[in-house]
$ cat upload-v4.pdb   # PDB, C-alpha atoms, pLDDT in the B column
ATOM      1  CA  GLY A   1      25.196  56.654 -14.487  1.00 78.00           C
ATOM      2  CA  VAL A   2      26.864  54.107 -12.254  1.00 88.00           C
ATOM      3  CA  PHE A   3      28.181  50.654 -13.073  1.00 90.00           C
ATOM      4  CA  GLU A   4      27.171  48.520 -10.101  1.00 92.00           C
ATOM      5  CA  LYS A   5      29.132  45.304 -10.798  1.00 93.00           C
ATOM      6  CA  MET A   6      32.877  44.911 -11.082  1.00 91.00           C
ATOM      7  CA  LYS A   7      35.258  41.997 -10.634  1.00 93.00           C
ATOM      8  CA  GLY A   8      38.970  41.519 -10.854  1.00 92.00           C
ATOM      9  CA  THR A   9      42.298  41.114  -9.197  1.00 92.00           C
ATOM     10  CA  VAL A  10      44.338  43.884  -7.600  1.00 91.00           C
ATOM     11  CA  VAL A  11      47.892  43.471  -6.308  1.00 92.00           C
ATOM     12  CA  PHE A  12      49.225  46.579  -4.611  1.00 93.00           C
ATOM     13  CA  ASP A  13      52.072  47.189  -2.185  1.00 91.00           C
ATOM     14  CA  GLU A  14      52.902  50.877  -1.731  1.00 91.00           C
ATOM     15  CA  LYS A  15      56.475  49.887  -0.834  1.00 92.00           C
ATOM     16  CA  ASP A  16      57.062  47.795  -3.972  1.00 96.00           C
ATOM     17  CA  LEU A  17      55.216  49.080  -7.041  1.00 97.00           C
ATOM     18  CA  THR A  18      57.044  46.589  -9.281  1.00 96.00           C
ATOM     19  CA  THR A  19      54.597  43.936  -8.029  1.00 96.00           C
ATOM     20  CA  ALA A  20      51.487  46.114  -8.499  1.00 96.00           C
ATOM     21  CA  SER A  21      48.869  45.045 -11.012  1.00 96.00           C
ATOM     22  CA  PHE A  22      45.240  45.747 -11.823  1.00 95.00           C
ATOM     23  CA  ASN A  23      43.086  43.399 -13.886  1.00 96.00           C
ATOM     24  CA  VAL A  24      39.478  44.526 -13.586  1.00 94.00           C
ATOM     25  CA  ALA A  25      36.262  44.078 -15.547  1.00 96.00           C
ATOM     26  CA  ILE A  26      33.051  46.100 -15.316  1.00 94.00           C
ATOM     27  CA  ASP A  27      29.734  44.469 -16.211  1.00 96.00           C
ATOM     28  CA  VAL A  28      28.227  46.809 -18.831  1.00 95.00           C
ATOM     29  CA  ASN A  29      24.724  45.482 -18.099  1.00 95.00           C
ATOM     30  CA  SER A  30      25.073  46.737 -14.521  1.00 94.00           C
ATOM     31  CA  ILE A  31      24.757  50.383 -15.590  1.00 92.00           C
ATOM     32  CA  ASN A  32      22.245  52.347 -13.568  1.00 91.00           C
ATOM     33  CA  THR A  33      21.441  55.840 -14.792  1.00 87.00           C
ATOM     34  CA  GLY A  34      18.457  56.230 -12.491  1.00 89.00           C
ATOM     35  CA  ASN A  35      16.156  55.961 -15.509  1.00 89.00           C
ATOM     36  CA  GLY A  36      15.023  52.587 -16.872  1.00 89.00           C
ATOM     37  CA  MET A  37      14.654  53.879 -20.446  1.00 91.00           C
ATOM     38  CA  MET A  38      18.146  55.404 -20.363  1.00 89.00           C
ATOM     39  CA  ASN A  39      19.553  52.146 -18.947  1.00 89.00           C
ATOM     40  CA  ARG A  40      18.084  50.191 -21.879  1.00 93.00           C
ATOM     41  CA  HIS A  41      19.416  52.772 -24.351  1.00 89.00           C
ATOM     42  CA  ALA A  42      22.910  52.706 -22.770  1.00 91.00           C
ATOM     43  CA  VAL A  43      23.252  48.921 -23.151  1.00 93.00           C
ATOM     44  CA  SER A  44      21.748  48.878 -26.664  1.00 93.00           C
ATOM     45  CA  GLU A  45      23.772  48.565 -29.856  1.00 91.00           C
ATOM     46  CA  LYS A  46      23.547  52.365 -30.275  1.00 89.00           C
ATOM     47  CA  TRP A  47      25.812  52.877 -27.228  1.00 91.00           C
ATOM     48  CA  PHE A  48      27.715  50.224 -25.264  1.00 93.00           C
ATOM     49  CA  ASP A  49      26.209  47.233 -27.158  1.00 95.00           C
ATOM     50  CA  ALA A  50      26.343  45.059 -24.036  1.00 95.00           C
ATOM     51  CA  GLU A  51      25.197  41.947 -25.901  1.00 96.00           C
ATOM     52  CA  LYS A  52      28.284  42.077 -28.122  1.00 97.00           C
ATOM     53  CA  PHE A  53      30.658  43.768 -25.626  1.00 96.00           C
ATOM     54  CA  PRO A  54      29.517  42.753 -22.116  1.00 97.00           C
ATOM     55  CA  GLU A  55      32.572  44.052 -20.248  1.00 97.00           C
ATOM     56  CA  ILE A  56      34.788  47.093 -19.952  1.00 96.00           C
ATOM     57  CA  THR A  57      38.269  45.956 -18.915  1.00 97.00           C
ATOM     58  CA  PHE A  58      41.466  47.539 -17.678  1.00 97.00           C
ATOM     59  CA  VAL A  59      44.725  45.625 -17.396  1.00 98.00           C
ATOM     60  CA  SER A  60      47.729  47.465 -16.032  1.00 98.00           C
ATOM     61  CA  GLU A  61      51.231  47.102 -17.404  1.00 98.00           C
ATOM     62  CA  ARG A  62      52.849  49.084 -14.589  1.00 97.00           C
ATOM     63  CA  VAL A  63      52.073  51.418 -11.708  1.00 98.00           C
ATOM     64  CA  ALA A  64      54.028  54.606 -11.066  1.00 97.00           C
ATOM     65  CA  LYS A  65      54.183  56.990  -8.080  1.00 97.00           C
ATOM     66  CA  THR A  66      53.134  60.593  -8.824  1.00 97.00           C
ATOM     67  CA  GLU A  67      52.979  63.800  -6.773  1.00 96.00           C
ATOM     68  CA  ALA A  68      49.212  63.323  -6.308  1.00 95.00           C
ATOM     69  CA  GLY A  69      49.215  59.548  -5.767  1.00 97.00           C
ATOM     70  CA  TYR A  70      49.753  56.896  -8.426  1.00 98.00           C
ATOM     71  CA  ASP A  71      49.184  56.168 -12.120  1.00 98.00           C
ATOM     72  CA  ALA A  72      48.042  52.764 -13.352  1.00 97.00           C
ATOM     73  CA  ILE A  73      49.330  52.552 -16.931  1.00 98.00           C
ATOM     74  CA  GLY A  74      47.899  49.880 -19.176  1.00 98.00           C
ATOM     75  CA  LYS A  75      45.190  48.938 -21.658  1.00 98.00           C
ATOM     76  CA  LEU A  76      41.538  50.003 -21.475  1.00 97.00           C
ATOM     77  CA  SER A  77      39.090  47.995 -23.581  1.00 97.00           C
ATOM     78  CA  VAL A  78      35.638  49.420 -24.223  1.00 95.00           C
ATOM     79  CA  HIS A  79      33.156  48.497 -26.967  1.00 95.00           C
ATOM     80  CA  GLY A  80      35.673  46.217 -28.709  1.00 96.00           C
ATOM     81  CA  VAL A  81      38.382  48.906 -28.861  1.00 97.00           C
ATOM     82  CA  THR A  82      41.588  48.680 -26.815  1.00 98.00           C
ATOM     83  CA  LYS A  83      43.756  51.723 -26.181  1.00 98.00           C
ATOM     84  CA  ASP A  84      46.751  52.683 -24.057  1.00 98.00           C
ATOM     85  CA  PHE A  85      45.333  54.383 -20.991  1.00 97.00           C
ATOM     86  CA  THR A  86      46.475  55.863 -17.699  1.00 98.00           C
ATOM     87  CA  ILE A  87      44.250  55.924 -14.629  1.00 97.00           C
ATOM     88  CA  PRO A  88      45.388  58.310 -11.883  1.00 97.00           C
ATOM     89  CA  PHE A  89      44.434  57.122  -8.401  1.00 97.00           C
ATOM     90  CA  THR A  90      45.033  57.416  -4.701  1.00 97.00           C
ATOM     91  CA  PHE A  91      45.037  54.675  -2.090  1.00 96.00           C
ATOM     92  CA  ALA A  92      43.818  54.988   1.496  1.00 95.00           C
ATOM     93  CA  ALA A  93      44.701  51.997   3.667  1.00 92.00           C
ATOM     94  CA  ASN A  94      42.352  50.870   6.422  1.00 93.00           C
ATOM     95  CA  ALA A  95      42.176  47.997   8.929  1.00 92.00           C
ATOM     96  CA  THR A  96      40.771  45.479   6.412  1.00 91.00           C
ATOM     97  CA  GLY A  97      42.495  46.601   3.206  1.00 89.00           C
ATOM     98  CA  GLY A  98      41.828  49.979   1.684  1.00 92.00           C
ATOM     99  CA  VAL A  99      40.087  52.045  -0.952  1.00 94.00           C
ATOM    100  CA  PHE A 100      41.370  53.020  -4.387  1.00 95.00           C
ATOM    101  CA  THR A 101      39.898  56.276  -5.696  1.00 95.00           C
ATOM    102  CA  GLY A 102      40.369  57.852  -9.107  1.00 94.00           C
ATOM    103  CA  ALA A 103      38.865  60.434 -11.442  1.00 94.00           C
ATOM    104  CA  PHE A 104      39.571  60.641 -15.157  1.00 94.00           C
ATOM    105  CA  ASP A 105      37.988  61.398 -18.533  1.00 95.00           C
ATOM    106  CA  VAL A 106      37.251  58.967 -21.343  1.00 94.00           C
ATOM    107  CA  SER A 107      36.459  60.021 -24.912  1.00 94.00           C
ATOM    108  CA  ARG A 108      33.457  57.873 -25.862  1.00 91.00           C
ATOM    109  CA  LEU A 109      34.031  58.537 -29.576  1.00 92.00           C
ATOM    110  CA  ALA A 110      37.598  57.196 -29.326  1.00 95.00           C
ATOM    111  CA  PHE A 111      35.997  53.883 -28.322  1.00 95.00           C
ATOM    112  CA  GLY A 112      33.216  54.019 -30.950  1.00 92.00           C
ATOM    113  CA  ILE A 113      30.385  54.694 -28.498  1.00 91.00           C
ATOM    114  CA  GLY A 114      27.400  56.665 -29.801  1.00 84.00           C
ATOM    115  CA  GLU A 115      27.403  59.395 -32.381  1.00 83.00           C
ATOM    116  CA  ALA A 116      29.149  62.762 -32.480  1.00 83.00           C
ATOM    117  CA  GLY A 117      27.135  65.813 -31.513  1.00 78.00           C
ATOM    118  CA  LYS A 118      24.302  64.117 -29.588  1.00 71.00           C
ATOM    119  CA  VAL A 119      25.882  64.449 -26.117  1.00 79.00           C
ATOM    120  CA  SER A 120      29.309  65.352 -24.779  1.00 84.00           C
ATOM    121  CA  ASP A 121      32.159  63.261 -26.169  1.00 88.00           C
ATOM    122  CA  ILE A 122      33.811  63.189 -22.751  1.00 90.00           C
ATOM    123  CA  MET A 123      32.609  60.730 -20.134  1.00 88.00           C
ATOM    124  CA  LYS A 124      33.705  61.873 -16.665  1.00 89.00           C
ATOM    125  CA  MET A 125      34.612  58.789 -14.659  1.00 90.00           C
ATOM    126  CA  GLU A 126      34.897  58.548 -10.883  1.00 90.00           C
ATOM    127  CA  VAL A 127      35.984  55.228  -9.456  1.00 89.00           C
ATOM    128  CA  SER A 128      35.987  54.032  -5.878  1.00 88.00           C
ATOM    129  CA  VAL A 129      37.115  50.442  -5.303  1.00 86.00           C
ATOM    130  CA  PRO A 130      37.235  48.987  -1.796  1.00 87.00           C
ATOM    131  CA  VAL A 131      39.589  46.017  -1.394  1.00 86.00           C
ATOM    132  CA  LYS A 132      40.219  43.527   1.383  1.00 83.00           C
ATOM    133  CA  ASN A 133      43.538  42.005   2.413  1.00 79.00           C
TER     134      ASN A 133
END
$ encode --input "upload-v4.pdb" --output "structure tokens"
Amino acid sequence: GVFEKMKGTVVFDEKDLTTASFNVAIDVNSINTGNGMMNRHAVSEKWFDAEKFPEITFVSERVAKTEAGYDAIGKLSVHGVTKDFTIPFTFAANATGGVFTGAFDVSRLAFGIGEAGKVSDIMKMEVSVPVKN
């Protein structure tokens, strides 16, 4: 599925990563799996429990340069559980700002989502965030 609504603040200067920060929130109710029944199930108390936990948040503590791009290192909060988390990403500048792109895995069981054995524990995440100057 796809989360269609996100908000937040991004500060990023490739030349000075000490000022970089990410503070973003995803609206859990904005999930779109392409199937109305699956959407309702995903936001129910059996999975994301959007009524109780309406947002997924990531707040960076620092950003580091890597061979492949960058790592945003911080805290990911999902389903009322907060864990240390690293999001690898790249940044492509353009005339109006740029696009952050990342791909990473999240263990849904580590965040108390769903039950073991029903579907894969690993949620494959792909993120593309356009930003404006």
$ resolve_selection --input "upload-v4.pdb" --expression "the PyMOL selection byres ((chain A and resi 66-78) around 10)" --output "VMD selection string"
chain A and resid 14 17 20 to 26 28 48 53 to 65 79 to 91 101 to 102 106 108 110 to 113
$ atom_distance --input "upload-v4.pdb" --atom1 "atom CA of A:Phe100" --atom2 "atom CA of A:Glu126"
10.7 Å
$ closest_residue --input "upload-v4.pdb" --among "A:Met38, A:Ala103, A:Val129, A:Ile122" --to "A:Gly1" --atoms "only C-alpha atoms"
A:Met38
$ atom_distance --input "upload-v4.pdb" --atom1 "atom CA of A:Asn94" --atom2 "atom CA of A:Met6"
20.8 Å
$ atom_distance --input "upload-v4.pdb" --atom1 "atom CA of A:Asn133" --atom2 "atom CA of A:Asp105"
29.1 Å
$ closest_residue --input "upload-v4.pdb" --among "A:Val131, A:Met37, A:Val11, A:Ile31" --to "A:Gly97" --atoms "only C-alpha atoms"
A:Val131
